[in-house]
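Just coords-v2.cif here, mmCIF, N, CA and C atoms:
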```
data_data
#
loop_
_atom_site.label_atom_id
_atom_site.label_comp_id
_atom_site.auth_asym_id
_atom_site.auth_seq_id
_atom_site.Cartn_x
_atom_site.Cartn_y
_atom_site.Cartn_z
N MET R 1 25.07 -37.86 4.80
CA MET R 1 24.29 -37.21 5.85
C MET R 1 25.18 -36.93 7.05
N PHE R 2 26.00 -37.91 7.44
CA PHE R 2 26.87 -37.70 8.59
C PHE R 2 27.90 -36.61 8.31
N ASP R 3 28.32 -36.50 7.05
CA ASP R 3 29.24 -35.42 6.68
C ASP R 3 28.58 -34.06 6.91
N TRP R 4 27.30 -33.95 6.53
CA TRP R 4 26.59 -32.70 6.72
C TRP R 4 26.50 -32.36 8.20
N ILE R 5 26.20 -33.36 9.02
CA ILE R 5 26.10 -33.15 10.47
C ILE R 5 27.44 -32.69 11.03
N GLN R 6 28.51 -33.30 10.58
CA GLN R 6 29.83 -32.90 11.07
C GLN R 6 30.18 -31.48 10.61
N GLU R 7 29.83 -31.14 9.38
CA GLU R 7 30.13 -29.81 8.87
C GLU R 7 29.26 -28.72 9.50
N HIS R 8 28.04 -29.05 9.84
CA HIS R 8 27.09 -28.06 10.37
C HIS R 8 26.70 -28.36 11.82
N GLY R 9 27.61 -28.92 12.56
CA GLY R 9 27.34 -29.26 13.96
C GLY R 9 26.96 -28.05 14.79
N ASN R 10 27.52 -26.88 14.47
CA ASN R 10 27.20 -25.67 15.23
C ASN R 10 25.72 -25.32 15.13
N ILE R 11 25.14 -25.52 13.96
CA ILE R 11 23.71 -25.24 13.78
C ILE R 11 22.88 -26.14 14.69
N LEU R 12 23.25 -27.39 14.77
CA LEU R 12 22.52 -28.32 15.64
C LEU R 12 22.65 -27.94 17.10
N TYR R 13 23.84 -27.47 17.50
CA TYR R 13 24.01 -27.02 18.88
C TYR R 13 23.16 -25.80 19.18
N ILE R 14 23.09 -24.88 18.22
CA ILE R 14 22.27 -23.68 18.41
C ILE R 14 20.79 -24.06 18.51
N LEU R 15 20.34 -24.94 17.63
CA LEU R 15 18.94 -25.39 17.68
C LEU R 15 18.64 -26.11 18.99
N ALA R 16 19.57 -26.91 19.44
CA ALA R 16 19.37 -27.63 20.71
C ALA R 16 19.30 -26.65 21.87
N ALA R 17 20.08 -25.58 21.82
CA ALA R 17 20.05 -24.59 22.89
C ALA R 17 18.77 -23.74 22.82
N LEU R 18 18.30 -23.44 21.61
CA LEU R 18 17.10 -22.63 21.45
C LEU R 18 15.81 -23.38 21.78
N SER R 19 15.84 -24.69 21.71
CA SER R 19 14.65 -25.47 21.96
C SER R 19 14.06 -25.23 23.35
N PRO R 20 14.83 -25.35 24.43
CA PRO R 20 14.22 -25.09 25.74
C PRO R 20 13.84 -23.62 25.93
N VAL R 21 14.61 -22.72 25.32
CA VAL R 21 14.28 -21.29 25.42
C VAL R 21 12.94 -21.03 24.74
N SER R 22 12.77 -21.59 23.55
CA SER R 22 11.51 -21.38 22.83
C SER R 22 10.35 -22.04 23.56
N LEU R 23 10.58 -23.17 24.17
CA LEU R 23 9.53 -23.84 24.93
C LEU R 23 9.07 -22.95 26.08
N ILE R 24 10.00 -22.31 26.76
CA ILE R 24 9.65 -21.41 27.87
C ILE R 24 8.90 -20.19 27.35
N LEU R 25 9.36 -19.62 26.23
CA LEU R 25 8.67 -18.46 25.65
C LEU R 25 7.25 -18.81 25.23
N ILE R 26 7.10 -19.94 24.58
CA ILE R 26 5.76 -20.36 24.16
C ILE R 26 4.87 -20.62 25.36
N ALA R 27 5.43 -21.23 26.40
CA ALA R 27 4.65 -21.49 27.60
C ALA R 27 4.19 -20.19 28.26
N ALA R 28 4.95 -19.12 28.07
CA ALA R 28 4.57 -17.83 28.65
C ALA R 28 3.62 -17.05 27.74
N ILE R 29 3.83 -17.10 26.43
CA ILE R 29 3.06 -16.28 25.50
C ILE R 29 1.75 -16.95 25.08
N ALA R 30 1.78 -18.24 24.84
CA ALA R 30 0.61 -18.95 24.31
C ALA R 30 -0.64 -18.76 25.18
N PRO R 31 -0.55 -18.93 26.49
CA PRO R 31 -1.77 -18.74 27.28
C PRO R 31 -2.35 -17.33 27.16
N LEU R 32 -1.50 -16.34 27.05
CA LEU R 32 -1.99 -14.96 26.90
C LEU R 32 -2.78 -14.79 25.62
N VAL R 33 -2.26 -15.35 24.53
CA VAL R 33 -2.93 -15.23 23.23
C VAL R 33 -4.23 -16.04 23.22
N ILE R 34 -4.17 -17.26 23.71
CA ILE R 34 -5.33 -18.16 23.68
C ILE R 34 -6.46 -17.65 24.55
N VAL R 35 -6.13 -17.13 25.71
CA VAL R 35 -7.15 -16.65 26.65
C VAL R 35 -7.81 -15.37 26.13
N ARG R 36 -7.08 -14.55 25.41
CA ARG R 36 -7.63 -13.29 24.90
C ARG R 36 -8.46 -13.46 23.63
N MET R 37 -8.41 -14.64 23.01
CA MET R 37 -9.20 -14.89 21.81
C MET R 37 -10.69 -14.90 22.16
N PRO R 38 -11.53 -14.24 21.36
CA PRO R 38 -12.97 -14.36 21.60
C PRO R 38 -13.43 -15.79 21.32
N GLU R 39 -14.43 -16.23 22.04
CA GLU R 39 -14.88 -17.63 21.87
C GLU R 39 -15.43 -17.90 20.48
N ASN R 40 -15.87 -16.87 19.77
CA ASN R 40 -16.40 -17.05 18.42
C ASN R 40 -15.37 -16.74 17.34
N TYR R 41 -14.10 -16.78 17.67
CA TYR R 41 -13.02 -16.45 16.73
C TYR R 41 -13.07 -17.31 15.47
N PHE R 42 -13.49 -18.57 15.58
CA PHE R 42 -13.48 -19.49 14.44
C PHE R 42 -14.88 -19.82 13.92
N THR R 43 -15.91 -19.13 14.36
CA THR R 43 -17.26 -19.51 13.96
C THR R 43 -17.68 -18.98 12.59
N GLU R 44 -17.18 -17.83 12.18
CA GLU R 44 -17.57 -17.25 10.89
C GLU R 44 -16.85 -17.96 9.74
N SER R 45 -17.48 -17.96 8.56
CA SER R 45 -16.83 -18.58 7.40
C SER R 45 -15.76 -17.66 6.82
N HIS R 46 -15.85 -16.35 7.10
CA HIS R 46 -14.85 -15.39 6.66
C HIS R 46 -14.52 -14.46 7.83
N ARG R 47 -13.32 -13.97 7.84
CA ARG R 47 -12.86 -13.08 8.91
C ARG R 47 -13.57 -11.74 8.84
N GLN R 48 -13.98 -11.25 10.01
CA GLN R 48 -14.59 -9.93 10.11
C GLN R 48 -13.51 -8.86 9.96
N LYS R 49 -13.81 -7.77 9.31
CA LYS R 49 -12.86 -6.66 9.15
C LYS R 49 -12.71 -5.94 10.49
N VAL R 50 -11.47 -5.60 10.81
CA VAL R 50 -11.17 -4.88 12.03
C VAL R 50 -10.77 -3.46 11.65
N ALA R 51 -11.14 -2.49 12.48
CA ALA R 51 -10.78 -1.10 12.20
C ALA R 51 -9.26 -0.95 12.17
N LYS R 52 -8.77 -0.22 11.19
CA LYS R 52 -7.32 -0.02 11.04
C LYS R 52 -6.88 1.19 11.85
N PRO R 53 -5.65 1.16 12.37
CA PRO R 53 -5.13 2.34 13.07
C PRO R 53 -5.13 3.54 12.12
N PRO R 54 -5.35 4.74 12.64
CA PRO R 54 -5.55 5.90 11.78
C PRO R 54 -4.33 6.35 10.98
N HIS R 55 -3.17 6.31 11.55
CA HIS R 55 -2.00 6.85 10.86
C HIS R 55 -1.29 5.75 10.06
N PRO R 56 -0.97 6.00 8.77
CA PRO R 56 -0.36 4.96 7.93
C PRO R 56 0.99 4.47 8.44
N VAL R 57 1.81 5.35 9.00
CA VAL R 57 3.12 4.93 9.52
C VAL R 57 2.92 3.93 10.65
N TYR R 58 2.00 4.23 11.53
CA TYR R 58 1.70 3.32 12.64
C TYR R 58 1.13 2.00 12.11
N ARG R 59 0.20 2.11 11.16
CA ARG R 59 -0.46 0.91 10.62
C ARG R 59 0.55 -0.01 9.94
N TYR R 60 1.40 0.54 9.07
CA TYR R 60 2.37 -0.29 8.35
C TYR R 60 3.50 -0.77 9.25
N GLY R 61 3.89 0.06 10.21
CA GLY R 61 4.90 -0.38 11.17
C GLY R 61 4.41 -1.56 11.99
N LEU R 62 3.15 -1.48 12.43
CA LEU R 62 2.55 -2.58 13.18
C LEU R 62 2.41 -3.82 12.31
N LEU R 63 2.03 -3.63 11.06
CA LEU R 63 1.88 -4.76 10.13
C LEU R 63 3.22 -5.46 9.91
N ILE R 64 4.28 -4.70 9.72
CA ILE R 64 5.62 -5.29 9.52
C ILE R 64 6.07 -6.02 10.78
N LEU R 65 5.85 -5.41 11.93
CA LEU R 65 6.24 -6.04 13.20
C LEU R 65 5.47 -7.34 13.43
N LYS R 66 4.15 -7.30 13.22
CA LYS R 66 3.34 -8.51 13.41
C LYS R 66 3.74 -9.62 12.45
N ASN R 67 3.96 -9.29 11.18
CA ASN R 67 4.32 -10.31 10.20
C ASN R 67 5.71 -10.89 10.47
N THR R 68 6.64 -10.05 10.90
CA THR R 68 7.98 -10.54 11.22
C THR R 68 7.92 -11.47 12.42
N LEU R 69 7.25 -11.05 13.47
CA LEU R 69 7.14 -11.88 14.67
C LEU R 69 6.38 -13.17 14.36
N GLY R 70 5.30 -13.06 13.59
CA GLY R 70 4.54 -14.25 13.20
C GLY R 70 5.37 -15.22 12.39
N SER R 71 6.17 -14.70 11.47
CA SER R 71 7.04 -15.55 10.64
C SER R 71 8.05 -16.30 11.51
N LEU R 72 8.60 -15.60 12.49
CA LEU R 72 9.55 -16.26 13.40
C LEU R 72 8.88 -17.38 14.18
N PHE R 73 7.65 -17.14 14.62
CA PHE R 73 6.92 -18.19 15.34
C PHE R 73 6.62 -19.39 14.43
N VAL R 74 6.24 -19.13 13.18
CA VAL R 74 5.95 -20.24 12.25
C VAL R 74 7.21 -21.05 11.98
N ILE R 75 8.32 -20.37 11.75
CA ILE R 75 9.59 -21.07 11.51
C ILE R 75 10.00 -21.87 12.74
N ALA R 76 9.91 -21.24 13.91
CA ALA R 76 10.26 -21.95 15.15
C ALA R 76 9.34 -23.15 15.36
N GLY R 77 8.05 -22.98 15.08
CA GLY R 77 7.10 -24.09 15.22
C GLY R 77 7.43 -25.23 14.30
N PHE R 78 7.81 -24.90 13.06
CA PHE R 78 8.18 -25.95 12.11
C PHE R 78 9.40 -26.70 12.62
N LEU R 79 10.39 -25.97 13.13
CA LEU R 79 11.58 -26.63 13.67
C LEU R 79 11.23 -27.50 14.88
N MET R 80 10.27 -27.04 15.68
CA MET R 80 9.88 -27.80 16.87
C MET R 80 9.15 -29.09 16.52
N LEU R 81 8.73 -29.22 15.27
CA LEU R 81 8.15 -30.50 14.87
C LEU R 81 9.21 -31.59 14.87
N PHE R 82 10.47 -31.20 14.75
CA PHE R 82 11.58 -32.15 14.68
C PHE R 82 12.44 -32.16 15.94
N ILE R 83 12.36 -31.11 16.73
CA ILE R 83 13.09 -31.04 18.00
C ILE R 83 12.06 -30.84 19.10
N PRO R 84 12.42 -31.02 20.36
CA PRO R 84 11.42 -30.87 21.43
C PRO R 84 10.81 -29.47 21.45
N GLY R 85 9.52 -29.42 21.65
CA GLY R 85 8.80 -28.15 21.73
C GLY R 85 7.37 -28.32 21.23
N GLN R 86 6.59 -27.29 21.38
CA GLN R 86 5.19 -27.29 20.99
C GLN R 86 5.06 -26.74 19.57
N GLY R 87 5.37 -27.56 18.57
CA GLY R 87 5.42 -27.11 17.20
C GLY R 87 4.12 -26.59 16.63
N LEU R 88 3.04 -27.37 16.71
CA LEU R 88 1.78 -26.94 16.13
C LEU R 88 1.22 -25.71 16.83
N LEU R 89 1.32 -25.67 18.13
CA LEU R 89 0.82 -24.52 18.87
C LEU R 89 1.62 -23.26 18.53
N THR R 90 2.92 -23.40 18.39
CA THR R 90 3.78 -22.27 18.03
C THR R 90 3.43 -21.78 16.63
N MET R 91 3.20 -22.70 15.72
CA MET R 91 2.84 -22.32 14.35
C MET R 91 1.48 -21.61 14.34
N LEU R 92 0.54 -22.08 15.15
CA LEU R 92 -0.77 -21.45 15.23
C LEU R 92 -0.65 -20.01 15.72
N ILE R 93 0.14 -19.79 16.75
CA ILE R 93 0.32 -18.43 17.25
C ILE R 93 0.96 -17.55 16.19
N GLY R 94 1.93 -18.08 15.47
CA GLY R 94 2.55 -17.33 14.38
C GLY R 94 1.55 -16.97 13.30
N LEU R 95 0.70 -17.93 12.93
CA LEU R 95 -0.31 -17.67 11.91
C LEU R 95 -1.32 -16.62 12.37
N ILE R 96 -1.69 -16.66 13.64
CA ILE R 96 -2.64 -15.69 14.17
C ILE R 96 -2.05 -14.29 14.11
N LEU R 97 -0.77 -14.16 14.34
CA LEU R 97 -0.13 -12.84 14.29
C LEU R 97 0.00 -12.29 12.88
N MET R 98 0.19 -13.16 11.90
CA MET R 98 0.48 -12.71 10.54
C MET R 98 -0.78 -12.30 9.78
N ASP R 99 -0.59 -11.49 8.73
CA ASP R 99 -1.66 -11.09 7.82
C ASP R 99 -1.29 -11.53 6.41
N PHE R 100 -2.08 -12.43 5.83
CA PHE R 100 -1.88 -12.86 4.45
C PHE R 100 -3.18 -13.47 3.94
N PRO R 101 -3.38 -13.50 2.62
CA PRO R 101 -4.61 -14.07 2.07
C PRO R 101 -4.75 -15.55 2.42
N GLY R 102 -5.93 -15.96 2.82
CA GLY R 102 -6.19 -17.35 3.14
C GLY R 102 -5.80 -17.74 4.56
N LYS R 103 -5.35 -16.80 5.34
CA LYS R 103 -4.88 -17.08 6.71
C LYS R 103 -5.99 -17.69 7.57
N TYR R 104 -7.17 -17.13 7.48
CA TYR R 104 -8.27 -17.58 8.34
C TYR R 104 -8.61 -19.05 8.07
N HIS R 105 -8.59 -19.46 6.82
CA HIS R 105 -8.92 -20.85 6.49
C HIS R 105 -7.84 -21.81 7.01
N ILE R 106 -6.59 -21.38 6.97
CA ILE R 106 -5.50 -22.21 7.52
C ILE R 106 -5.64 -22.32 9.04
N GLU R 107 -5.96 -21.20 9.70
CA GLU R 107 -6.17 -21.24 11.15
C GLU R 107 -7.30 -22.20 11.51
N ARG R 108 -8.41 -22.08 10.80
CA ARG R 108 -9.56 -22.96 11.08
C ARG R 108 -9.19 -24.43 10.87
N TRP R 109 -8.46 -24.72 9.79
CA TRP R 109 -8.07 -26.10 9.52
C TRP R 109 -7.17 -26.63 10.63
N LEU R 110 -6.21 -25.81 11.07
CA LEU R 110 -5.28 -26.23 12.10
C LEU R 110 -5.98 -26.45 13.44
N VAL R 111 -6.86 -25.53 13.80
CA VAL R 111 -7.55 -25.65 15.10
C VAL R 111 -8.62 -26.73 15.07
N SER R 112 -9.13 -27.07 13.90
CA SER R 112 -10.13 -28.12 13.83
C SER R 112 -9.56 -29.49 14.20
N ASN R 113 -8.25 -29.62 14.20
CA ASN R 113 -7.59 -30.83 14.64
C ASN R 113 -7.82 -30.97 16.15
N THR R 114 -8.39 -32.09 16.59
CA THR R 114 -8.70 -32.24 18.01
C THR R 114 -7.45 -32.20 18.88
N GLY R 115 -6.30 -32.56 18.30
CA GLY R 115 -5.06 -32.48 19.05
C GLY R 115 -4.65 -31.05 19.37
N VAL R 116 -5.21 -30.10 18.65
CA VAL R 116 -4.94 -28.68 18.91
C VAL R 116 -6.10 -28.06 19.69
N LEU R 117 -7.33 -28.31 19.25
CA LEU R 117 -8.50 -27.69 19.87
C LEU R 117 -8.68 -28.11 21.32
N LYS R 118 -8.47 -29.36 21.61
CA LYS R 118 -8.68 -29.86 22.97
C LYS R 118 -7.77 -29.16 23.99
N PRO R 119 -6.46 -29.05 23.74
CA PRO R 119 -5.61 -28.32 24.70
C PRO R 119 -5.95 -26.83 24.79
N LEU R 120 -6.37 -26.22 23.67
CA LEU R 120 -6.75 -24.80 23.70
C LEU R 120 -7.95 -24.60 24.62
N ASN R 121 -8.97 -25.43 24.44
CA ASN R 121 -10.16 -25.31 25.27
C ASN R 121 -9.90 -25.70 26.72
N TRP R 122 -8.99 -26.64 26.94
CA TRP R 122 -8.62 -27.01 28.32
C TRP R 122 -8.01 -25.80 29.03
N LEU R 123 -7.12 -25.10 28.34
CA LEU R 123 -6.49 -23.92 28.93
C LEU R 123 -7.52 -22.83 29.20
N ARG R 124 -8.42 -22.61 28.26
CA ARG R 124 -9.46 -21.60 28.45
C ARG R 124 -10.36 -21.97 29.62
N GLU R 125 -10.72 -23.25 29.74
CA GLU R 125 -11.56 -23.71 30.85
C GLU R 125 -10.86 -23.50 32.18
N LYS R 126 -9.56 -23.77 32.20
CA LYS R 126 -8.78 -23.61 33.42
C LYS R 126 -8.76 -22.15 33.89
N LYS R 127 -8.81 -21.22 32.93
CA LYS R 127 -8.82 -19.78 33.24
C LYS R 127 -10.24 -19.24 33.44
N GLY R 128 -11.25 -20.13 33.34
CA GLY R 128 -12.63 -19.71 33.54
C GLY R 128 -13.22 -18.98 32.34
N ILE R 129 -12.73 -19.26 31.14
CA ILE R 129 -13.18 -18.60 29.92
C ILE R 129 -13.90 -19.64 29.06
N PRO R 130 -15.01 -19.27 28.42
CA PRO R 130 -15.73 -20.24 27.58
C PRO R 130 -14.84 -20.83 26.48
N PRO R 131 -15.11 -22.06 26.06
CA PRO R 131 -14.30 -22.70 25.02
C PRO R 131 -14.49 -22.04 23.66
N LEU R 132 -13.53 -22.29 22.78
CA LEU R 132 -13.63 -21.81 21.39
C LEU R 132 -14.69 -22.63 20.67
N HIS R 133 -15.49 -21.98 19.86
CA HIS R 133 -16.55 -22.64 19.09
C HIS R 133 -16.20 -22.67 17.62
N PHE R 134 -16.72 -23.70 16.95
CA PHE R 134 -16.57 -23.80 15.50
C PHE R 134 -17.90 -23.61 14.84
#
```

Can the structure from this file be put into structure tokens for me?
Amino acid sequence: MFDWIQEHGNILYILAALSPVSLILIAAIAPLVIVRMPENYFTESHRQKVAKPPHPVYRYGLLILKNTLGSLFVIAGFLMLFIPGQGLLTMLIGLILMDFPGKYHIERWLVSNTGVLKPLNWLREKKGIPPLHF
């Protein structure tokens, strides 16, 4: 194990440098996403269909952008579970951005954890917005 650390020390330095940067980004982005969520976002047993953008190039371009950004957030959140940062919250934001089968059930499971739901509702209350309902 120590051999691996010595051989890949640069990766650890990069992760250590990215940790505070990602913490600042999450601190800036997370409140915007959480506050804009409708209070009934998690109440339905299945996700409601949203109208798709009219032009296919725009629709698929947006889909690729959202999934790429969401994937980066999920990966960063996973790494933050082991280094300083808001890992679960970062992963939740990544999941919300992405589109894949079963996404809604994973979001509901993650937010049903009181360690996640309580801070989300605290932030919403602080901004004068009703709490998220299940």

Between R:Pro31, R:Gly61, R:Pro130, R:Pro38, which one has atoms that come closest to Thr90 in chain R, using only C-alpha atoms?
->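 Selected residue with least distance to Thr90 in chain R: R:Pro31.
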
In terms of the shortest atom-to-atom distance over only C-alpha atoms, which of R:Ile93, R:Leu65, R:Ile106, R:Val21 is closest to Ile34 in chain R?
->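 So, comparing all the options, the nearest one is R:Ile93.
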
Point-to-point distance in Å for atom C of Ala30 in chain R and atom N of Trp122 in chain R | 11.6 Å

Assign secondary structure with DSSP using the backbone only, and return the residues of chain R in helix (DSSP H, G or I) as a count of residues only.
-> 92

Long-range neighbours of Glu39 in chain R as a list in words, 10 Å cut-off, only C-alpha atoms, 3 positions minimum in chain =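 Using only C-alpha atoms, the neighbours found are Ile34, Val35, Arg36, Phe42, Thr43, Asn121, Arg124, Ile129, Pro130, Pro131, Leu132, His133 and Phe134 of chain R.
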
Check the smallest atom-to-atom distance from each of R:Ile29, R:Leu97, R:Met37, R:Ile83 to Leu62 in chain R using only C-alpha atoms, then report the winner.
->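 Closest to Leu62 in chain R, using only C-alpha atoms: R:Leu97.
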
Interatomic distance between atom C of Val74 in chain R and atom C of Ile96 in chain R?
->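 Separation between atom C of Val74 in chain R and atom C of Ile96 in chain R: 11.7 Å.
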
How many Å separate CA of His55 in chain R from CA of Leu95 in chain R?
->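 Interatomic distance, CA of His55 in chain R to CA of Leu95 in chain R: 24.6 Å.
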